[in-house]
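Printed here is protein_29.cif (mmCIF, C-alpha atoms and all ligand atoms):
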data_data
loop_
_atom_site.label_atom_id
_atom_site.label_comp_id
_atom_site.auth_asym_id
_atom_site.auth_seq_id
_atom_site.Cartn_x
_atom_site.Cartn_y
_atom_site.Cartn_z
CA MET A 1 0.00 0.00 0.00
CA GLY A 2 1.59 3.24 -1.11
CA GLU A 3 0.63 6.87 -0.67
CA ALA A 4 2.01 9.91 -2.47
CA VAL A 5 3.66 12.78 -0.56
CA GLY A 6 4.51 15.42 -3.15
CA SER A 7 6.15 13.46 -5.91
CA VAL A 8 7.52 10.84 -3.53
CA GLN A 9 6.10 7.37 -3.14
CA THR A 10 6.12 6.24 0.49
CA VAL A 11 4.68 3.35 2.47
CA SER A 12 1.52 4.52 4.30
CA ALA A 13 2.59 3.66 7.86
CA VAL A 14 5.06 1.52 9.78
CA THR A 15 5.02 0.48 13.43
CA LEU A 16 8.06 -1.06 15.11
CA PHE A 17 8.89 -2.23 18.60
CA ALA A 18 12.23 -1.16 20.04
CA PRO A 19 13.39 -3.56 22.77
CA ALA A 20 15.60 -2.80 25.76
CA LYS A 21 18.82 -4.76 26.36
CA ILE A 22 20.89 -6.07 29.17
CA ASN A 23 24.56 -6.97 29.04
CA LEU A 24 25.04 -10.53 30.26
CA THR A 25 28.74 -9.76 30.24
CA LEU A 26 30.36 -6.36 29.77
CA GLU A 27 34.14 -6.26 29.82
CA VAL A 28 36.51 -3.42 29.05
CA LEU A 29 39.75 -4.64 27.54
CA GLY A 30 41.49 -1.26 27.50
CA ARG A 31 41.36 2.36 26.43
CA ARG A 32 41.65 3.15 22.73
CA GLN A 33 43.53 5.89 20.88
CA ASP A 34 40.20 7.50 19.88
CA GLY A 35 39.16 7.96 23.52
CA TYR A 36 36.65 5.12 23.47
CA HIS A 37 37.16 1.83 25.28
CA GLU A 38 37.58 -1.54 23.63
CA ILE A 39 34.80 -3.77 24.94
CA ARG A 40 33.68 -7.38 24.74
CA SER A 41 30.11 -8.03 25.75
CA VAL A 42 27.26 -10.49 25.33
CA MET A 43 24.15 -8.38 24.83
CA GLN A 44 20.63 -9.68 25.20
CA ALA A 45 17.41 -8.05 24.00
CA VAL A 46 14.49 -8.11 26.43
CA SER A 47 10.76 -7.59 26.01
CA LEU A 48 10.51 -4.24 27.80
CA CYS A 49 10.09 -2.10 24.70
CA ASP A 50 9.21 1.24 23.20
CA CYS A 51 6.84 1.40 20.25
CA LEU A 52 7.51 3.70 17.29
CA SER A 53 4.95 4.63 14.64
CA PHE A 54 6.05 6.20 11.38
CA SER A 55 3.69 7.95 8.97
CA PRO A 56 4.27 10.21 5.98
CA GLY A 57 4.63 13.94 6.67
CA GLU A 58 5.63 17.14 4.88
CA SER A 59 8.67 17.51 7.13
CA LEU A 60 10.27 15.55 9.96
CA SER A 61 8.38 15.73 13.25
CA PHE A 62 8.72 13.78 16.49
CA GLY A 63 6.33 13.15 19.34
CA CYS A 64 6.67 11.13 22.52
CA ASP A 65 4.25 10.33 25.34
CA LEU A 66 6.98 10.72 27.99
CA PRO A 67 7.02 14.19 29.56
CA GLY A 68 10.51 15.65 29.37
CA TRP A 69 11.56 13.62 26.31
CA LYS A 70 13.15 15.96 23.77
CA ALA A 71 13.83 14.95 20.18
CA GLU A 72 16.93 17.14 19.98
CA LYS A 73 18.43 15.35 22.99
CA SER A 74 17.63 11.93 21.56
CA LEU A 75 19.50 9.87 18.98
CA VAL A 76 16.12 9.54 17.26
CA SER A 77 16.38 12.94 15.54
CA ARG A 78 20.00 12.28 14.56
CA ALA A 79 19.03 8.90 13.14
CA ALA A 80 16.28 10.48 11.04
CA ALA A 81 18.61 13.26 9.81
CA LEU A 82 21.24 10.68 8.89
CA LEU A 83 18.74 8.63 6.93
CA LEU A 84 17.39 11.76 5.24
CA SER A 85 20.91 12.50 3.99
CA GLU A 86 20.84 9.08 2.29
CA SER A 87 17.79 10.10 0.27
CA SER A 88 18.10 12.16 -2.90
CA ARG A 89 14.40 13.08 -2.62
CA ARG A 90 12.53 15.48 -0.36
CA VAL A 91 10.84 13.28 2.21
CA GLY A 92 9.23 13.88 5.57
CA ALA A 93 7.75 11.77 8.31
CA SER A 94 5.91 11.94 11.57
CA VAL A 95 7.54 9.72 14.21
CA GLU A 96 5.48 8.97 17.34
CA ILE A 97 7.11 7.16 20.24
CA LYS A 98 5.36 5.35 23.05
CA LYS A 99 8.14 5.26 25.62
CA ASN A 100 8.25 2.42 28.14
CA ILE A 101 12.03 2.07 28.58
CA PRO A 102 13.18 4.61 31.18
CA LEU A 103 15.58 7.28 29.95
CA ALA A 104 19.32 7.01 30.72
CA SER A 105 18.76 3.75 32.59
CA GLY A 106 21.44 1.40 31.21
CA LEU A 107 18.81 -0.48 29.19
CA GLY A 108 19.70 1.05 25.81
CA GLY A 109 16.30 2.62 25.14
CA ASP A 110 17.49 5.62 23.13
CA ALA A 111 19.91 3.52 21.06
CA SER A 112 17.11 1.03 20.37
CA ASP A 113 14.74 3.84 19.33
CA ALA A 114 17.44 5.17 16.97
CA ALA A 115 17.87 1.73 15.39
CA ALA A 116 14.09 1.51 14.97
CA VAL A 117 14.10 4.92 13.25
CA LEU A 118 16.72 3.70 10.76
CA ARG A 119 14.65 0.59 10.03
CA GLY A 120 11.29 2.34 10.04
CA LEU A 121 12.20 5.25 7.79
CA ASN A 122 14.12 2.94 5.45
CA VAL A 123 10.78 1.20 4.87
CA LEU A 124 8.53 4.29 4.96
CA TRP A 125 10.71 6.15 2.47
CA ARG A 126 11.36 3.05 0.36
CA LEU A 127 15.10 3.72 0.48
CA ASN A 128 15.98 0.02 0.32
CA LEU A 129 19.27 0.59 2.10
CA ALA A 130 21.08 -2.71 2.53
CA PRO A 131 21.53 -4.12 6.06
CA GLY A 132 25.27 -3.40 5.83
CA ARG A 133 24.65 0.30 5.11
CA LEU A 134 22.15 0.51 7.99
CA ARG A 135 24.79 -1.01 10.28
CA GLU A 136 27.32 1.65 9.17
CA LEU A 137 24.83 4.43 9.89
CA ALA A 138 23.93 2.86 13.22
CA ALA A 139 27.61 2.77 14.25
CA GLN A 140 27.86 6.51 13.51
CA LEU A 141 25.01 7.19 15.93
CA GLY A 142 26.26 5.31 18.99
CA SER A 143 28.16 2.24 20.11
CA ASP A 144 25.03 0.27 21.10
CA VAL A 145 22.86 1.13 18.08
CA PRO A 146 24.04 -1.63 15.67
CA PHE A 147 23.06 -4.35 18.16
CA PHE A 148 19.45 -3.19 17.99
CA LEU A 149 19.27 -3.74 14.23
CA GLY A 150 19.37 -7.46 14.97
CA SER A 151 18.06 -7.98 18.52
CA GLY A 152 18.32 -11.40 20.16
CA THR A 153 21.61 -12.44 21.70
CA ALA A 154 24.91 -11.19 20.29
CA LEU A 155 28.61 -10.84 20.98
CA THR A 156 29.62 -7.19 20.62
CA GLN A 157 33.19 -5.96 20.28
CA GLY A 158 35.15 -2.86 19.30
CA ARG A 159 33.31 0.17 20.73
CA GLY A 160 30.29 -2.14 20.78
CA GLU A 161 29.50 -1.65 17.11
CA LYS A 162 30.89 -5.00 15.90
CA VAL A 163 28.00 -7.41 16.35
CA ILE A 164 28.13 -11.18 15.93
CA PRO A 165 24.79 -12.98 16.45
CA LEU A 166 24.82 -15.83 18.96
CA PRO A 167 22.46 -18.81 19.38
CA VAL A 168 19.13 -17.90 20.96
CA LEU A 169 19.30 -17.97 24.75
CA ALA A 170 16.84 -20.28 26.52
CA LYS A 171 13.91 -18.18 27.80
CA HIS A 172 14.65 -16.29 31.01
CA TRP A 173 12.52 -13.85 32.98
CA LEU A 174 13.74 -10.65 34.51
CA ALA A 175 12.70 -8.36 37.30
CA ILE A 176 14.12 -4.98 36.33
CA MET A 177 14.23 -2.05 38.73
CA THR A 178 15.15 1.43 37.52
CA PRO A 179 15.79 3.52 40.62
CA LYS A 180 14.60 7.11 40.50
CA ILE A 181 18.03 8.56 41.24
CA THR A 182 19.90 11.48 39.76
CA ARG A 183 22.16 10.67 36.83
CA PRO A 184 25.16 12.85 36.00
CA PRO A 185 25.02 14.46 32.55
CA GLU A 186 26.75 12.18 30.00
CA LYS A 187 26.27 9.30 32.45
CA THR A 188 27.88 6.60 30.28
CA ALA A 189 30.97 8.71 29.59
CA VAL A 190 31.26 9.42 33.33
CA LEU A 191 31.12 5.71 34.19
CA TYR A 192 33.75 4.84 31.56
CA ALA A 193 36.00 7.67 32.77
CA ARG A 194 35.86 6.30 36.32
CA LEU A 195 37.32 2.93 35.30
CA SER A 196 40.95 2.30 36.12
CA VAL A 197 43.40 -0.13 34.55
CA ALA A 198 42.64 -2.58 37.37
CA ASP A 199 39.07 -2.85 36.02
CA TYR A 200 40.22 -4.03 32.60
CA THR A 201 39.89 -7.75 31.83
CA PRO A 202 41.08 -9.69 28.77
CA GLY A 203 37.59 -10.81 27.68
CA GLY A 204 37.60 -14.23 29.31
CA HIS A 205 34.21 -13.86 31.01
CA THR A 206 32.63 -13.13 27.65
CA ASP A 207 34.52 -15.82 25.76
CA ALA A 208 33.50 -18.42 28.35
CA LEU A 209 29.84 -17.42 28.04
CA VAL A 210 29.98 -17.51 24.24
CA VAL A 211 31.38 -21.07 24.32
CA HIS A 212 28.83 -22.05 26.96
CA LEU A 213 25.89 -20.68 24.93
CA GLY A 214 27.26 -22.43 21.84
CA HIS A 215 26.88 -25.72 23.69
CA ASP A 216 23.28 -24.89 24.73
CA GLY A 217 24.52 -24.35 28.28
CA ASP A 218 22.30 -22.79 30.93
CA LEU A 219 23.22 -19.43 32.37
CA THR A 220 24.58 -19.63 35.89
CA ALA A 221 25.00 -16.74 38.31
CA ASP A 222 28.72 -16.82 37.60
CA SER A 223 28.19 -16.51 33.83
CA LEU A 224 27.39 -12.82 34.23
CA TYR A 225 29.93 -10.03 34.59
CA ASN A 226 29.75 -6.23 34.40
CA VAL A 227 32.84 -4.01 34.59
CA PHE A 228 30.72 -1.11 35.87
CA GLU A 229 29.53 -2.82 39.07
CA ARG A 230 32.30 -1.20 41.17
CA VAL A 231 32.15 2.36 39.81
CA ALA A 232 28.34 2.38 39.64
CA ASP A 233 28.18 2.12 43.43
CA ASP A 234 30.40 5.24 43.67
CA VAL A 235 28.40 7.24 41.13
CA PHE A 236 25.01 6.06 42.44
CA PRO A 237 25.35 5.66 46.24
CA GLU A 238 21.65 4.75 46.51
CA LEU A 239 22.21 1.55 44.51
CA ALA A 240 23.27 -0.45 47.56
CA SER A 241 19.86 -0.08 49.21
CA CYS A 242 18.13 -0.85 45.90
CA ARG A 243 20.11 -4.10 45.61
CA GLN A 244 19.11 -4.97 49.16
CA ALA A 245 15.46 -4.33 48.32
CA MET A 246 15.68 -6.74 45.38
CA LEU A 247 17.34 -9.42 47.50
CA ALA A 248 14.67 -8.95 50.18
CA ALA A 249 12.02 -9.34 47.46
CA GLY A 250 13.39 -12.79 46.59
CA ALA A 251 16.12 -12.19 43.99
CA GLU A 252 19.06 -14.55 44.51
CA ARG A 253 21.51 -12.33 42.65
CA VAL A 254 21.18 -8.74 41.50
CA TYR A 255 23.03 -7.42 38.45
CA LEU A 256 23.68 -3.97 37.05
CA ALA A 257 22.22 -3.26 33.60
CA GLY A 258 24.86 -1.72 31.31
CA ALA A 259 26.18 1.48 32.90
CA GLY A 260 23.20 1.56 35.24
CA PRO A 261 21.45 2.61 37.25
CA SER A 262 18.90 -0.14 36.42
CA LEU A 263 19.29 -3.41 38.30
CA PHE A 264 17.90 -6.78 37.32
CA SER A 265 17.51 -10.33 38.53
CA LEU A 266 17.34 -13.26 36.13
CA HIS A 267 15.05 -16.28 36.52
CA THR A 268 14.10 -19.41 34.63
CA SER A 269 10.65 -19.18 36.23
CA ARG A 270 8.21 -16.43 35.32
CA ALA A 271 6.42 -16.90 38.65
CA VAL A 272 9.60 -16.15 40.63
CA ALA A 273 10.36 -13.05 38.55
CA GLU A 274 6.77 -11.86 39.12
CA GLU A 275 7.17 -12.43 42.85
CA VAL A 276 10.31 -10.29 42.92
CA CYS A 277 8.48 -7.53 41.02
CA ARG A 278 5.54 -7.71 43.43
CA GLY A 279 7.91 -7.38 46.39
CA LEU A 280 9.36 -4.10 45.14
CA VAL A 281 7.51 -0.93 46.00
CA GLY A 282 8.36 2.72 45.52
CA GLN A 283 10.56 2.30 42.43
CA PRO A 284 9.67 1.64 38.78
CA VAL A 285 9.79 -2.14 38.24
CA PHE A 286 9.34 -4.11 35.03
CA LEU A 287 8.75 -7.79 34.34
CA ALA A 288 10.44 -8.78 31.09
CA GLU A 289 11.53 -11.85 29.19
CA THR A 290 14.56 -12.49 27.02
CA LEU A 291 13.96 -12.29 23.27
CA GLY A 292 15.17 -14.33 20.35
CA SER A 293 16.20 -12.52 17.19
CA GLY A 294 13.20 -11.12 15.33
CA GLU A 295 10.77 -11.79 18.20
CA LEU A 296 9.85 -8.12 18.53
CA GLY A 297 10.98 -6.74 15.21
CA GLY A 298 7.62 -6.85 13.42
CA GLU A 299 6.00 -4.11 11.45
O1 LIG B 301 28.97 5.55 21.67
P1 LIG B 301 28.18 6.32 22.66
O2 LIG B 301 27.84 7.70 22.18
O3 LIG B 301 27.00 5.59 23.18
O4 LIG B 301 29.13 6.51 23.91
C1 LIG B 301 28.89 7.44 24.93
C2 LIG B 301 30.20 7.71 25.66
O5 LIG B 301 30.60 6.55 26.38
C3 LIG B 301 31.35 8.02 24.74
O6 LIG B 301 31.43 9.40 24.47
C4 LIG B 301 32.54 7.54 25.52
O7 LIG B 301 32.93 8.51 26.48
C5 LIG B 301 31.99 6.37 26.28
N1 LIG B 301 32.27 5.08 25.62
C6 LIG B 301 33.55 4.54 25.70
N2 LIG B 301 33.80 3.33 25.11
C7 LIG B 301 32.83 2.65 24.47
C8 LIG B 301 31.52 3.18 24.39
C9 LIG B 301 31.28 4.39 24.98
O8 LIG B 301 34.46 5.13 26.28
N3 LIG B 301 33.10 1.47 23.93
#
What do you get writing this file as structure tokens?
Amino acid sequence: MGEAVGSVQTVSAVTLFAPAKINLTLEVLGRRQDGYHEIRSVMQAVSLCDCLSFSPGESLSFGCDLPGWKAEKSLVSRAAALLLSESSRRVGASVEIKKNIPLASGLGGDASDAAAVLRGLNVLWRLNLAPGRLRELAAQLGSDVPFFLGSGTALTQGRGEKVIPLPVLAKHWLAIMTPKITRPPEKTAVLYARLSVADYTPGGHTDALVVHLGHDGDLTADSLYNVFERVADDVFPELASCRQAMLAAGAERVYLAGAGPSLFSLHTSRAVAEEVCRGLVGQPVFLAETLGSGELGGE
């Protein structure tokens, strides 16, 4: 179904889900010449997701149901501008976002929205950009964006932009808590800057998990690793009591999501994850499940 905008043929509307992620492992191998850090991480998409609707428009416009969300502060507007520069034609679009993933929470919401914008406008504007070109554009936007073009489970390396899909993880359930605590501006950069050489690891936690997943192994508590656990407690002093609250609610282990401040527990039983969520009051809490590739990608 096509619809004309000016002289341009577009698709009439596209709706995409943009999932959050957790890092099952997140290791920093060292600091790079370009100021970034070399990482090795197993990333996992989860079912907590934003929903983006794209429809034809005279110009580019963005709307979001979350008070305080600003297009100019989001990768979403940069993603759209980047894609527009790939088009030789004058095209516009209205992008409406239903935001469920908390902002600046370590769950990758903005990066996921940006990846959805690349995919959505590629379809709406009938640009037919190849997956490889979309991955290049995604890498220009942010280190986590390329992962969200594929979802599922993946090994990420480099700045995070080199993505190798991994076998689908057996279904797990998560209780995710995103504490309402103040984040410093440029939170991720602040967390990276706080790392010292002693925090660097050679990638063994990640390599072991990749081998384990390749043999259909189950996740164990010791499979998970996050380089930011130490510095997150310095940057977010309130995290310690949030961890305690999750343990008191029935979580056996509590992990930091990305650069935080979200925390999560991981369960093979949905009922147990629900129980943990029920036991947490006063903070935003989300029940989510792990996703296989393509499970939430639909249009
Ligand atoms: O790539 P992105 O814009 O998401 O990164 C935000 C900040 O996090 C960067 O400016 C950089 O300071 C830091 N970073 C890093 N090494 C990475 C990814 C991010 O130092 N691999």
Do you have, as a tab-separated table, the list of residues of chain A lying at most 8 Å from ligand LIG 301 (chain B), each with its nearest atom pair and that distance in Å to one decimal, counting only C-alpha atoms and all ligand atoms and ordered by chain then number?
residue	atom	partner	partner_atom	distance
A:Val28	CA	B:LIG301	N3	7.9
A:Arg31	CA	B:LIG301	O8	7.4
A:Gly35	CA	B:LIG301	O8	6.1
A:Tyr36	CA	B:LIG301	O8	3.6
A:His37	CA	B:LIG301	N2	3.7
A:Glu38	CA	B:LIG301	N3	5.4
A:Ile39	CA	B:LIG301	N3	5.6
A:Ala111	CA	B:LIG301	O3	7.7
A:Leu141	CA	B:LIG301	O2	6.9
A:Gly142	CA	B:LIG301	O1	3.8
A:Ser143	CA	B:LIG301	O1	3.7
A:Asp144	CA	B:LIG301	O3	6.0
A:Val145	CA	B:LIG301	O3	7.9
A:Gly158	CA	B:LIG301	N3	6.7
A:Arg159	CA	B:LIG301	N3	3.5
A:Gly160	CA	B:LIG301	N3	5.6
A:Glu186	CA	B:LIG301	C2	7.1
A:Lys187	CA	B:LIG301	O5	7.9
A:Thr188	CA	B:LIG301	O5	4.8
A:Ala189	CA	B:LIG301	O7	3.7
A:Val190	CA	B:LIG301	O7	7.1
A:Leu191	CA	B:LIG301	O5	7.9
A:Tyr192	CA	B:LIG301	O8	5.3
A:Ala193	CA	B:LIG301	O7	7.0
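Considering only C-alpha atoms, the residue among A:Val276, A:Ala271, A:Ala170, A:Leu83 positioned nearest to Gln140 (chain A) is A:Leu83.
Contact shell of Pro131 (chain A) at 10 Å (all atoms listed in the file; same-chain neighbours under 5 positions omitted): Arg119, Glu136, Leu137, Leu149 and Gly150 of chain A.
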All residues 12 Å or closer to Leu129 (chain A), only C-alpha atoms, same chain fewer than 5 positions away omitted, as a list in words: Leu83, Leu84, Glu86, Ser87, Leu118, Arg119, Gly120, Leu121, Asn122, Val123, Leu124, Leu134, Arg135, Glu136 and Leu137 of chain A
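Coordinates place CA of Ala116 (chain A) at a distance of 26.1 Å from CA of Glu27 (chain A).
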Å distance separating CA of Leu280 (chain A) from CA of Leu256 (chain A), one decimal place: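 Computing it gives 16.4 Å between the two atoms.
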Selection near Glu274 (chain A), 12 Å with all atoms listed in the file, sequence-local residues under 5 positions removed, as a ChimeraX atom specification: /A:173-176,249-251,265-269,279-280,285-289
Test item: residues at most 12 Å from Met177 (chain A), only C-alpha atoms, excluding those fewer than 4 positions along its chain, as a PyMOL selection string: chain A and resi 48+101-102+105-107+181+239+242-247+249+251+254-257+260-266+273+276-288
CA of Lys21 (chain A) to CA of Ala45 (chain A), straight-line distance in Å: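 Atom-to-atom, CA of Ala45 (chain A) and CA of Lys21 (chain A) are spaced 4.3 Å apart.
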Nearest to Thr156 (chain A) by atom-to-atom distance, counting all atoms listed in the file, from A:Ser293, A:Ser47, A:Asn226, A:Asn23: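 Looking at the shortest contact to Thr156 (chain A), the residue is A:Asn23.
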Spatial sel., origin (4.5, 12.2, 8.2), limit 8 Å, only C-alpha atoms, listed as a ChimeraX atom specification: /A:54-61,92-95
Residue nearest Glu96 (chain A) - candidates A:Gly63, A:Gly30, A:Gly132, A:Gly108, atoms counted: all atoms listed in the file: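 Ranked by minimum distance to Glu96 (chain A), first place goes to A:Gly63.
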Proximity to Ala18 (chain A) - best of A:Gly217, A:Gly109, A:Pro67, A:Gly203, all atoms listed in the file: A:Gly109
Shell of 9 Å around Gly152 (chain A), only C-alpha atoms, local chain residues under 4 positions omitted, as a PyMOL selection string: chain A and resi 43-46+147-148+165-169+290-295
Proximity to Lys99 (chain A) - best of A:Ser77, A:Ser241, A:Ser53, A:Ser196, only C-alpha atoms: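 Among the listed residues, the smallest separation from Lys99 (chain A) belongs to A:Ser53.
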